[in-house]
Amino acid sequence: MKIQLIDLKRQYESIREEADKDILEVLHSARYIMGENILSFEKEFADYIGIRNAISCGNGTDALVLALEALGIGEGDEVITTPFTFFATAESISYTGAKPVFVDVELDSYNIDPSKIEEKINDKTKAIMPVHIFGQCAKMDQIMAIAKKHDLFVIEDVAQAAGAEYKGKKAGSFGDISTFSFFPTKNLGCAGDGGMMVTNSDDIAVVLRALRAHGSGENGQRAYNFLNRIEGEIEEEKGGDNTVYNPLKYYNYLIGHNSRLDELQAALLRVKLKHLDKWNEKRAEIAAKYNERILSKDLIKPSVSDDCKHIYHLYILQSSNRADTVEKLNSEGIATGIYYPIPMHLQKVYEELGYSRGDLPNAEYLADRTFAIPMFAELTDEEISHIINALEK
Ligand SMILES: *Cc1c(COP(=O)(O)O)cnc(C)c1O
């Protein structure tokens with residue numbers, strides 16, 4: 001029996017009819033950028049998260065970069081984040097010219113440890129960027145309280161936690177801006193690259209809309225006026241947001257990006273969003289089976305706080321003998337993944353930041369022990385049993 005870490009074909013088969021119909025409709029409409037599906041998906045996604053504005057973009061990394069830029073973060077600034085994450089989190093900070101400052105993680109939740117944040121705050125600190133790693137939320141109450149006390153922005157990286165909750169509220173509804181990735185293997189994924197930024201601030205939303213499309217048009221004017229504190233007249237556009245028909249498209253007000261989600265991806269994501277809660281529940285059910293039936297003393301299972309609804313973007317185990325465990329699973333046809341083998345502060349590219357081994361011991365300890373086993377909504381009982389039996393062996 002061969003079992004992949006995530007089987008995207010099975011998910012597609014389960015929505016094939018609906019998805020094919022809507023995608024073909026986009027093709028036939030010949031409207032590929034900033035059309036109906038984008039406007040509708042942004043509205044539907046904002047409603048799902050419970051937030052005023054959702055602004056789609058090209059991918060989850062761009063979402064982080066645009067979020068930082070919209071908050072005016074760059075050269076000379078510091079942003080506090082976790083070392084135990086995908087590189088894009090730290091990379092986005094560096095990309096703006098700001099410096100990532102890493103704070104160690106909790107050994108149980110794998111998320112940034114709020115009790116270690118304040119000692120890293122100084123005059124240059126502008127924001128805290130928590131990541132809800134593997135699908136479980138960071139301790140947002142504590143993080144928001146620290147941010148408020150020190151007048152810092154919070155950017156939530158929700159790339160792995162679409163639909164997760166903290167104290168009954170959706171991940172992504174806490175920060176000044178929160179970002180999502182629709183990379184195909186994410187728990188809400190499209191058929192290529194895609195991303196989303198959400199915010200309750202209408203002013204920040206305007207800046208994000210301007211930044212994703214060359215700082216042009218009506219959004220560009222509004223963003224320019226907001227950033228420069230100008231109470232100016234806005235020339236209204238006809239024909240919607242930055243479309244090919246837009247007469248103001250060639251009037252630029254900010255240095256922005258070309259980072260848009262396209263109509264084909266939005267059409268697919270609209271179909272998938274309707275299934276997301278069901279898929280997340282299915283993941284949690286599979287995790288419950290793993291939790292109940294994996295009994296080996298050598299394996300440490302996920303630890304879930306009562307405050308959190310974990311959506312198990314990945315199901316992570318720890319083993320003191322990871323190389324052997326992984327090799328045996330692979331020989332039984334079971335795929336595994338190592339998330340993440342090198343914490344950010346020990347990456348080659350960050351040598352210049354001056355960290356050394358031992359500085360963030362929890363992240364380093366986990367990097368040597370954690371691994372993922374298959375997790376997706378369509379796993380069968382037979383496959384789940386095969387995985388559990390192999391682990392028990
Ligand atoms: C996937 C991911 C990103 C980046 O998303 P892309 O869409 O691949 O650019 C950022 N942060 C985290 C934690 C991720 O897992």
# chains A, B, ... in the order shown; residues from 1 in each chain; ligands from 1

$ closest_atom_pairs --of "chain A" --to "ligand 1" --cutoff "9 Å" --atoms "only C-alpha atoms and all ligand atoms" --output "tab-separated table"
residue	atom	partner	partner_atom_place_in_ligand_line	distance
A:Gly58	CA	ligand 1	7 (O)	7.7
A:Asn59	CA	ligand 1	7 (O)	3.9
A:Gly60	CA	ligand 1	7 (O)	3.4
A:Thr61	CA	ligand 1	9 (O)	3.6
A:Asp62	CA	ligand 1	9 (O)	6.4
A:Ala63	CA	ligand 1	9 (O)	7.8
A:Leu64	CA	ligand 1	10 (C)	7.5
A:Phe84	CA	ligand 1	13 (C)	9.0
A:Thr85	CA	ligand 1	13 (C)	5.4
A:Phe86	CA	ligand 1	13 (C)	4.9
A:Phe87	CA	ligand 1	11 (N)	7.1
A:Ala88	CA	ligand 1	10 (C)	4.8
A:Thr89	CA	ligand 1	11 (N)	4.9
A:Ala90	CA	ligand 1	11 (N)	8.6
A:Ser92	CA	ligand 1	10 (C)	8.7
A:Val131	CA	ligand 1	13 (C)	5.9
A:His132	CA	ligand 1	13 (C)	7.3
A:Ile133	CA	ligand 1	13 (C)	6.4
A:Phe134	CA	ligand 1	15 (O)	8.0
A:Asp157	CA	ligand 1	11 (N)	5.9
A:Val158	CA	ligand 1	13 (C)	6.8
A:Ala159	CA	ligand 1	14 (C)	4.7
A:Gln160	CA	ligand 1	15 (O)	5.3
A:Ala161	CA	ligand 1	13 (C)	8.9
A:Thr179	CA	ligand 1	10 (C)	8.3
A:Phe180	CA	ligand 1	5 (O)	7.2
A:Ser181	CA	ligand 1	7 (O)	4.2
A:Phe182	CA	ligand 1	7 (O)	5.7
A:Phe183	CA	ligand 1	7 (O)	4.7
A:Pro184	CA	ligand 1	7 (O)	8.6
A:Thr185	CA	ligand 1	1 (C)	8.4
A:Lys186	CA	ligand 1	1 (C)	7.0
A:Asp193	CA	ligand 1	7 (O)	5.9
A:Gly194	CA	ligand 1	7 (O)	5.8
A:Gly195	CA	ligand 1	7 (O)	5.8

$ write_last_selection --atoms "N, CA and C atoms" --output "compact mmCIF listing (two decimals), in the first residue's frame"
# COMPACT_ATOMS: atom_id res chain seq x y z
N GLY A 58 -1.00 37.27 -5.26
CA GLY A 58 -0.38 36.21 -6.04
C GLY A 58 0.03 34.96 -5.28
N ASN A 59 0.39 35.11 -4.00
CA ASN A 59 0.84 33.96 -3.21
C ASN A 59 0.98 34.39 -1.74
N GLY A 60 1.24 33.44 -0.88
CA GLY A 60 1.31 33.74 0.55
C GLY A 60 2.54 34.54 0.95
N THR A 61 3.61 34.40 0.18
CA THR A 61 4.82 35.18 0.46
C THR A 61 4.59 36.65 0.13
N ASP A 62 4.02 36.92 -1.04
CA ASP A 62 3.67 38.30 -1.40
C ASP A 62 2.71 38.89 -0.37
N ALA A 63 1.77 38.09 0.09
CA ALA A 63 0.80 38.59 1.08
C ALA A 63 1.54 39.15 2.30
N LEU A 64 2.58 38.44 2.74
CA LEU A 64 3.37 38.92 3.89
C LEU A 64 4.15 40.18 3.54
N PHE A 84 10.64 28.62 13.92
CA PHE A 84 10.17 27.28 13.52
C PHE A 84 8.99 27.46 12.57
N THR A 85 9.31 27.72 11.29
CA THR A 85 8.31 28.05 10.28
C THR A 85 8.90 27.81 8.91
N PHE A 86 8.06 27.97 7.88
CA PHE A 86 8.55 27.96 6.51
C PHE A 86 9.31 29.26 6.26
N PHE A 87 10.34 29.19 5.45
CA PHE A 87 11.26 30.31 5.22
C PHE A 87 10.56 31.62 4.84
N ALA A 88 9.44 31.54 4.11
CA ALA A 88 8.78 32.75 3.61
C ALA A 88 8.45 33.74 4.72
N THR A 89 8.16 33.25 5.91
CA THR A 89 7.82 34.14 7.03
C THR A 89 8.98 35.11 7.27
N ALA A 90 10.17 34.56 7.47
CA ALA A 90 11.35 35.40 7.73
C ALA A 90 11.78 36.14 6.47
N SER A 92 10.08 37.34 4.03
CA SER A 92 9.27 38.53 3.71
C SER A 92 9.79 39.73 4.51
N VAL A 131 3.08 32.83 13.66
CA VAL A 131 2.65 31.86 12.65
C VAL A 131 1.82 30.81 13.38
N HIS A 132 0.67 30.46 12.84
CA HIS A 132 -0.14 29.40 13.47
C HIS A 132 0.32 28.08 12.86
N ILE A 133 1.38 27.54 13.45
CA ILE A 133 2.11 26.49 12.75
C ILE A 133 1.36 25.16 12.77
N PHE A 134 1.36 24.48 11.67
CA PHE A 134 0.75 23.15 11.48
C PHE A 134 -0.77 23.15 11.65
N ASP A 157 0.57 35.16 10.30
CA ASP A 157 0.82 34.30 9.14
C ASP A 157 -0.07 33.06 9.28
N VAL A 158 -1.17 33.06 8.53
CA VAL A 158 -2.18 32.01 8.67
C VAL A 158 -2.09 30.99 7.52
N ALA A 159 -0.92 30.94 6.88
CA ALA A 159 -0.75 30.08 5.70
C ALA A 159 -1.12 28.62 5.98
N GLN A 160 -0.99 28.19 7.25
CA GLN A 160 -1.24 26.78 7.57
C GLN A 160 -2.51 26.60 8.41
N ALA A 161 -3.34 27.62 8.51
CA ALA A 161 -4.41 27.50 9.51
C ALA A 161 -5.74 28.10 9.04
N THR A 179 -2.41 37.00 6.83
CA THR A 179 -2.13 36.55 5.47
C THR A 179 -2.34 35.04 5.33
N PHE A 180 -2.77 34.66 4.14
CA PHE A 180 -3.07 33.26 3.83
C PHE A 180 -2.34 32.87 2.54
N SER A 181 -2.07 31.58 2.40
CA SER A 181 -1.50 31.04 1.17
C SER A 181 -2.45 30.00 0.61
N PHE A 182 -2.63 30.01 -0.71
CA PHE A 182 -3.44 28.98 -1.37
C PHE A 182 -2.56 28.06 -2.21
N PHE A 183 -1.28 27.93 -1.83
CA PHE A 183 -0.40 26.93 -2.46
C PHE A 183 -1.15 25.59 -2.43
N PRO A 184 -1.00 24.78 -3.49
CA PRO A 184 -1.86 23.59 -3.61
C PRO A 184 -1.90 22.66 -2.39
N THR A 185 -0.81 22.55 -1.65
CA THR A 185 -0.82 21.60 -0.53
C THR A 185 -1.34 22.20 0.78
N LYS A 186 -1.70 23.49 0.77
CA LYS A 186 -2.28 24.07 1.99
C LYS A 186 -3.68 23.49 2.19
N ASP A 193 -0.43 29.05 -7.66
CA ASP A 193 -0.11 29.94 -6.55
C ASP A 193 -1.26 30.90 -6.29
N GLY A 194 -1.45 31.25 -5.03
CA GLY A 194 -2.47 32.22 -4.66
C GLY A 194 -2.30 32.64 -3.23
N GLY A 195 -2.80 33.82 -2.89
CA GLY A 195 -2.68 34.30 -1.51
C GLY A 195 -3.78 35.28 -1.17

$ select_by_dssp --residues "region 213-348 of chain A" --states "strand (DSSP E or B)" --output "PyMOL selection string"
chain A and resi 213+216+252+258+262+299-300+308-309+315-319+334+337

$ select_by_dssp --residues "region 131-276 of chain A" --states "alpha helix (DSSP H)" --output "ChimeraX atom specification"
/A:140-150,202-212,217-227,263-273,276

$ atom_distance --atom1 "CA of Ala390 (chain A)" --atom2 "CA of Tyr340 (chain A)"
22.7 Å

$ residues_around --residues "Met375 (chain A)" --least-positions-apart "4" --cutoff "9 Å" --atoms "only C-alpha atoms" --output "list in words"
Gln4, Leu5, Ile6, Asp7, Arg283, Ile286, Ala287, Tyr312, His313, Leu314, Tyr315 and Leu379 of chain A

$ write_last_selection --atoms "C-alpha atoms" --output "PDB file, in the first residue's frame"
ATOM      1  CA  GLN A   4       1.118  10.001   0.011  1.00  0.00           C
ATOM      2  CA  LEU A   5       1.507  12.777   2.547  1.00  0.00           C
ATOM      3  CA  ILE A   6      -1.357  14.548   0.789  1.00  0.00           C
ATOM      4  CA  ASP A   7      -3.301  13.252  -2.211  1.00  0.00           C
ATOM      5  CA  ARG A 283      -8.799  16.082   9.350  1.00  0.00           C
ATOM      6  CA  ILE A 286      -8.376  11.407  11.473  1.00  0.00           C
ATOM      7  CA  ALA A 287      -6.104  13.133  14.007  1.00  0.00           C
ATOM      8  CA  TYR A 312      -4.248  19.669  11.419  1.00  0.00           C
ATOM      9  CA  HIS A 313      -2.783  21.233   8.330  1.00  0.00           C
ATOM     10  CA  LEU A 314      -0.064  18.715   9.149  1.00  0.00           C
ATOM     11  CA  TYR A 315      -0.095  15.882  11.687  1.00  0.00           C
ATOM     12  CA  LEU A 379      -7.627   9.131   3.837  1.00  0.00           C
TER      13      LEU A 379
END

$ atom_distance --atom1 "CA of Leu261 (chain A)" --atom2 "CA of Cys57 (chain A)"
4.8 Å

$ closest_residue --among "A:Tyr365, A:Lys169, A:Phe371, A:Leu268" --to "Arg322 (chain A)" --atoms "only C-alpha atoms"
A:Phe371

$ atom_distance --atom1 "CA of Ala19 (chain A)" --atom2 "CA of Lys282 (chain A)"
20.5 Å

$ closest_residue --among "A:Ala213, A:Ile230, A:Val103, A:Ala171" --to "Asp359 (chain A)" --atoms "only C-alpha atoms"
A:Val103

$ closest_residue --among "A:Tyr253, A:Phe102, A:Tyr32, A:Phe153" --to "Tyr350 (chain A)" --atoms "only C-alpha atoms"
A:Phe102

$ closest_residue --among "A:Gly175, A:Tyr12, A:Leu360, A:His150" --to "Lys116 (chain A)" --atoms "only C-alpha atoms"
A:Leu360

$ residues_around --residues "Val207 (chain A)" --least-positions-apart "5" --cutoff "10 Å" --atoms "only C-alpha atoms" --output "PyMOL selection string"
chain A and resi 66-67+69-71+202+212+215+219-227+254+256

$ closest_residue --among "A:His345, A:Lys149, A:His310, A:Arg260" --to "Ala162 (chain A)" --atoms "only C-alpha atoms"
A:His310

$ residues_around --residues "Phe41 (chain A)" --least-positions-apart "2" --cutoff "12 Å" --atoms "only C-alpha atoms" --output "VMD selection string"
chain A and resid 34 to 39 43 to 48 53 to 57 195 to 196 261 to 274

$ residues_around --residues "Gly74 (chain A)" --least-positions-apart "5" --cutoff "9 Å" --atoms "only C-alpha atoms" --output "list in words"
Leu68, Glu69, Ile93, Ser94, Tyr95, Thr96, Gly97, Ala98 and Lys99 of chain A

$ closest_residue --among "A:His386, A:Lys9, A:Arg52, A:Lys393" --to "Gly172 (chain A)" --atoms "only C-alpha atoms"
A:Arg52
